[in-house]
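Notes to accompany the following structure.
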Amino acid sequence: MFGLDTLFAPVMIAALVAIVILGGIAHGAIGFGFPLISTPLVALLIDIKTAVLITVVPNIAVNVVSIVRGGNWRESIGRHWPVAMWVVLGTIVGTHFLLVAAPELLQLLLAAMICVFLLQDRIRQLDLTWIRRRPAMSGAAFGVVAGLFSGAVNVSAPPLVIYFMMLELPALALTQMLNLCFIAGKTIQAATLSLAGPGSVPLLAASLPLTALAIAALVSGIRLQKRMTPGVYSKILRATLAAFVVLLTGQAAIELAHRFAHYAR
């Protein structure tokens, strides 16, 4: 078990396995989701530093596999790689500037942006076709916004999903670009986190079995994605974005309630 059984109790190992399987299948099926599922759920059970260390290698592996699989990179990375660079720029700014803002307000802002996208068909005045007409300019805008939210509230997927859906990218190309943007942004954030402290190496080594399990679950999710029609895939992405709205709003409401309760004392 590469030391996994010496670091965690059997119940904790079972929870880690379940979380990794869930995250891997979801990531394979919709093209993203492993980082959003694995690290936060593990952080509910153990401290955040340990959660980051035990999931960092599986995260990298899942995203790399998602990028290199399927080929046809000219359609995705070859055309849209600048978006990843804009994400990096936004992440740098978000990490060093937006963290001074209240994260709850940023979460609500992101939720509102997703709602506008989901309701675009009902808002007659809203015209998002400029994204297709000016892909370079819109790619810069959405890339920076995604990076800002990544640095501030650790969520970058929704703006990127909106952008690539408006470009009508095929599922494989969308998956490759989402994961390239994630790795680019998170590499910048990871540069600020020291992994050389005491206990880091055993945790990284212990995560290797979880990495293999994550890749296996990813492959299962990819098989599910291949069976989906473009229409079904689009509906799933929209449902996922709607779930983001609920989660972001709920988290912000809880944090704001705690803050008001603290001030009321």
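Residue numbers start at 1 in each chain; chains themselves are named A, B, ... in the order of the structure tokens; ligands are numbered from 1 in the order shown.
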
Could you find all residues in segment 150-247 of chain A that DSSP calls alpha helix (DSSP H) from the backbone, and write them as number ranges by chain?
A: 150-153, 157-166, 171-190, 200-206, 208-226, 230-247

Using only C-alpha atoms, determine which residues lie at most 10 Å from Gly28 of chain A, disregarding the query and same-chain residues fewer than 6 positions distant; provide the list as an mmCIF file with N, CA, C and O atoms, in the first residue's frame.
```cif
data_model
loop_
_atom_site.group_PDB
_atom_site.id
_atom_site.type_symbol
_atom_site.label_atom_id
_atom_site.label_comp_id
_atom_site.auth_asym_id
_atom_site.auth_seq_id
_atom_site.Cartn_x
_atom_site.Cartn_y
_atom_site.Cartn_z
ATOM 1 N N PHE A 34 -12.494 15.937 -11.112
ATOM 2 C CA PHE A 34 -11.709 15.228 -10.090
ATOM 3 C C PHE A 34 -11.148 16.184 -9.034
ATOM 4 O O PHE A 34 -11.283 15.911 -7.829
ATOM 5 N N VAL A 62 -4.564 12.339 -13.443
ATOM 6 C CA VAL A 62 -5.875 12.349 -14.116
ATOM 7 C C VAL A 62 -5.929 13.435 -15.182
ATOM 8 O O VAL A 62 -6.416 13.211 -16.298
ATOM 9 N N ASN A 63 -5.400 14.606 -14.869
ATOM 10 C CA ASN A 63 -5.444 15.697 -15.833
ATOM 11 C C ASN A 63 -4.510 15.456 -17.018
ATOM 12 O O ASN A 63 -4.854 15.797 -18.151
ATOM 13 N N VAL A 65 -3.611 12.473 -18.254
ATOM 14 C CA VAL A 65 -4.256 11.456 -19.083
ATOM 15 C C VAL A 65 -5.392 12.064 -19.899
ATOM 16 O O VAL A 65 -5.574 11.752 -21.078
ATOM 17 N N SER A 66 -6.148 12.958 -19.285
ATOM 18 C CA SER A 66 -7.264 13.598 -19.981
ATOM 19 C C SER A 66 -6.778 14.468 -21.135
ATOM 20 O O SER A 66 -7.472 14.602 -22.150
ATOM 21 N N THR A 175 -12.599 18.551 -23.184
ATOM 22 C CA THR A 175 -11.923 17.879 -22.074
ATOM 23 C C THR A 175 -10.443 18.204 -22.051
ATOM 24 O O THR A 175 -9.868 18.521 -20.997
ATOM 25 N N ALA A 214 -7.436 6.128 -9.398
ATOM 26 C CA ALA A 214 -8.051 7.283 -10.056
ATOM 27 C C ALA A 214 -8.019 7.128 -11.570
ATOM 28 O O ALA A 214 -8.994 7.433 -12.266
ATOM 29 N N ILE A 215 -6.908 6.627 -12.099
ATOM 30 C CA ILE A 215 -6.795 6.437 -13.547
ATOM 31 C C ILE A 215 -7.760 5.356 -14.027
ATOM 32 O O ILE A 215 -8.412 5.493 -15.073
ATOM 33 N N ALA A 216 -7.881 4.280 -13.248
ATOM 34 C CA ALA A 216 -8.829 3.221 -13.604
ATOM 35 C C ALA A 216 -10.257 3.739 -13.619
ATOM 36 O O ALA A 216 -11.048 3.443 -14.529
ATOM 37 N N ALA A 217 -10.607 4.546 -12.603
ATOM 38 C CA ALA A 217 -11.948 5.127 -12.555
ATOM 39 C C ALA A 217 -12.144 6.115 -13.697
ATOM 40 O O ALA A 217 -13.242 6.208 -14.276
ATOM 41 N N LEU A 218 -11.094 6.849 -14.039
ATOM 42 C CA LEU A 218 -11.158 7.788 -15.160
ATOM 43 C C LEU A 218 -11.489 7.068 -16.461
ATOM 44 O O LEU A 218 -12.324 7.529 -17.250
ATOM 45 N N VAL A 219 -10.838 5.935 -16.689
ATOM 46 C CA VAL A 219 -11.088 5.148 -17.905
ATOM 47 C C VAL A 219 -12.546 4.702 -17.968
ATOM 48 O O VAL A 219 -13.187 4.751 -19.031
ATOM 49 N N SER A 220 -13.099 4.307 -16.831
ATOM 50 C CA SER A 220 -14.511 3.917 -16.789
ATOM 51 C C SER A 220 -15.411 5.095 -17.144
ATOM 52 O O SER A 220 -16.392 4.951 -17.885
ATOM 53 N N GLY A 221 -15.077 6.271 -16.619
ATOM 54 C CA GLY A 221 -15.853 7.458 -16.942
ATOM 55 C C GLY A 221 -15.750 7.841 -18.398
ATOM 56 O O GLY A 221 -16.730 8.282 -19.017
ATOM 57 N N ILE A 222 -14.566 7.668 -18.985
ATOM 58 C CA ILE A 222 -14.372 7.980 -20.407
ATOM 59 C C ILE A 222 -15.249 7.086 -21.272
ATOM 60 O O ILE A 222 -15.817 7.527 -22.289
ATOM 61 N N ARG A 223 -15.383 5.833 -20.885
ATOM 62 C CA ARG A 223 -16.250 4.917 -21.633
ATOM 63 C C ARG A 223 -17.701 5.389 -21.592
ATOM 64 O O ARG A 223 -18.427 5.269 -22.577
ATOM 65 N N LEU A 224 -18.111 5.938 -20.447
ATOM 66 C CA LEU A 224 -19.467 6.486 -20.357
ATOM 67 C C LEU A 224 -19.627 7.682 -21.289
ATOM 68 O O LEU A 224 -20.662 7.837 -21.948
ATOM 69 N N GLN A 225 -18.597 8.535 -21.331
ATOM 70 C CA GLN A 225 -18.667 9.725 -22.176
ATOM 71 C C GLN A 225 -18.801 9.341 -23.647
ATOM 72 O O GLN A 225 -19.546 9.977 -24.401
ATOM 73 N N LYS A 226 -18.111 8.300 -24.074
ATOM 74 C CA LYS A 226 -18.152 7.888 -25.476
ATOM 75 C C LYS A 226 -19.542 7.419 -25.900
ATOM 76 O O LYS A 226 -19.872 7.443 -27.087
#
```

Which of A:Leu203, A:Val161, A:Ala261, A:Leu128 sits closest to Ala51 of chain A [using only C-alpha atoms]
A:Leu203

I want to know what sits within 7 Å of Ala111 of chain A, based on only C-alpha atoms, with residues of the same chain fewer than 2 positions away left out; could you give that as a PyMOL selection string?
chain A and resi 107-109+113-115+245+248-249

Could you name the residues that touch Ile21 of chain A at 8 Å or less, counting only C-alpha atoms, but leaving out those on the same chain fewer than 3 positions away, as a CSV table (one decimal) with C-alpha atoms, in the first residue's frame?
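This went into part.csv:
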```csv
chain,number,residue,atom,x,y,z
A,17,VAL,CA,-10.9,5.0,-2.1
A,18,ALA,CA,-14.6,5.9,-2.5
A,24,GLY,CA,-12.4,9.7,-11.4
A,25,ILE,CA,-15.6,8.5,-13.0
A,213,LEU,CA,-7.2,3.8,-8.8
A,214,ALA,CA,-8.1,7.3,-10.1
A,217,ALA,CA,-11.9,5.1,-12.6
```

Using only C-alpha atoms, which of A:Ala26, A:Leu16, A:Leu44, A:Val83 sits nearest Ala184 of chain A?
A:Val83

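Distances from A:Glu104, A:Gly78, A:Gly31, A:Val42 to Arg259 of chain A were compared using only C-alpha atoms, and the smallest one belongs to A:Glu104.
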
For Gly70 of chain A, which residue out of A:Val57, A:Leu256, A:Leu174, A:Ile19 is the nearest one, using only C-alpha atoms?
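With only C-alpha atoms as the atom set, the closest residue is A:Leu174.
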
d(atom CA of Gly3 of chain A, atom CA of Leu208 of chain A) in Å:
9.7 Å

Which is closer to Pro82 of chain A than all the others in A:Leu4, A:Arg133, A:Ile67, A:Met177, using only C-alpha atoms?
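Of the candidates, the smallest distance to Pro82 of chain A is held by A:Met177.
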
Residue contacts of segment 136-151 of chain A (8 Å, only C-alpha atoms) excluding same-chain residues fewer than 5 positions away, as a PyMOL selection string
chain A and resi 82-96+98-99+106+110+130-131+156-160+163+185+189

With only C-alpha atoms as the atoms that count, which of A:Ile188, A:Ile60, A:Ala173, A:Leu241 lies nearest to Ala112 of chain A?
A:Leu241

Quick check, in Å to one decimal: how far apart do atom CA of Gly23 of chain A and atom CA of Ser38 of chain A lie?
5.9 Å

Pairwise distance for atom CA of Ile183 of chain A and atom CA of Thr39 of chain A, rounded to one decimal in Å
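Going from atom CA of Ile183 of chain A over to atom CA of Thr39 of chain A, I get 14.9 Å.
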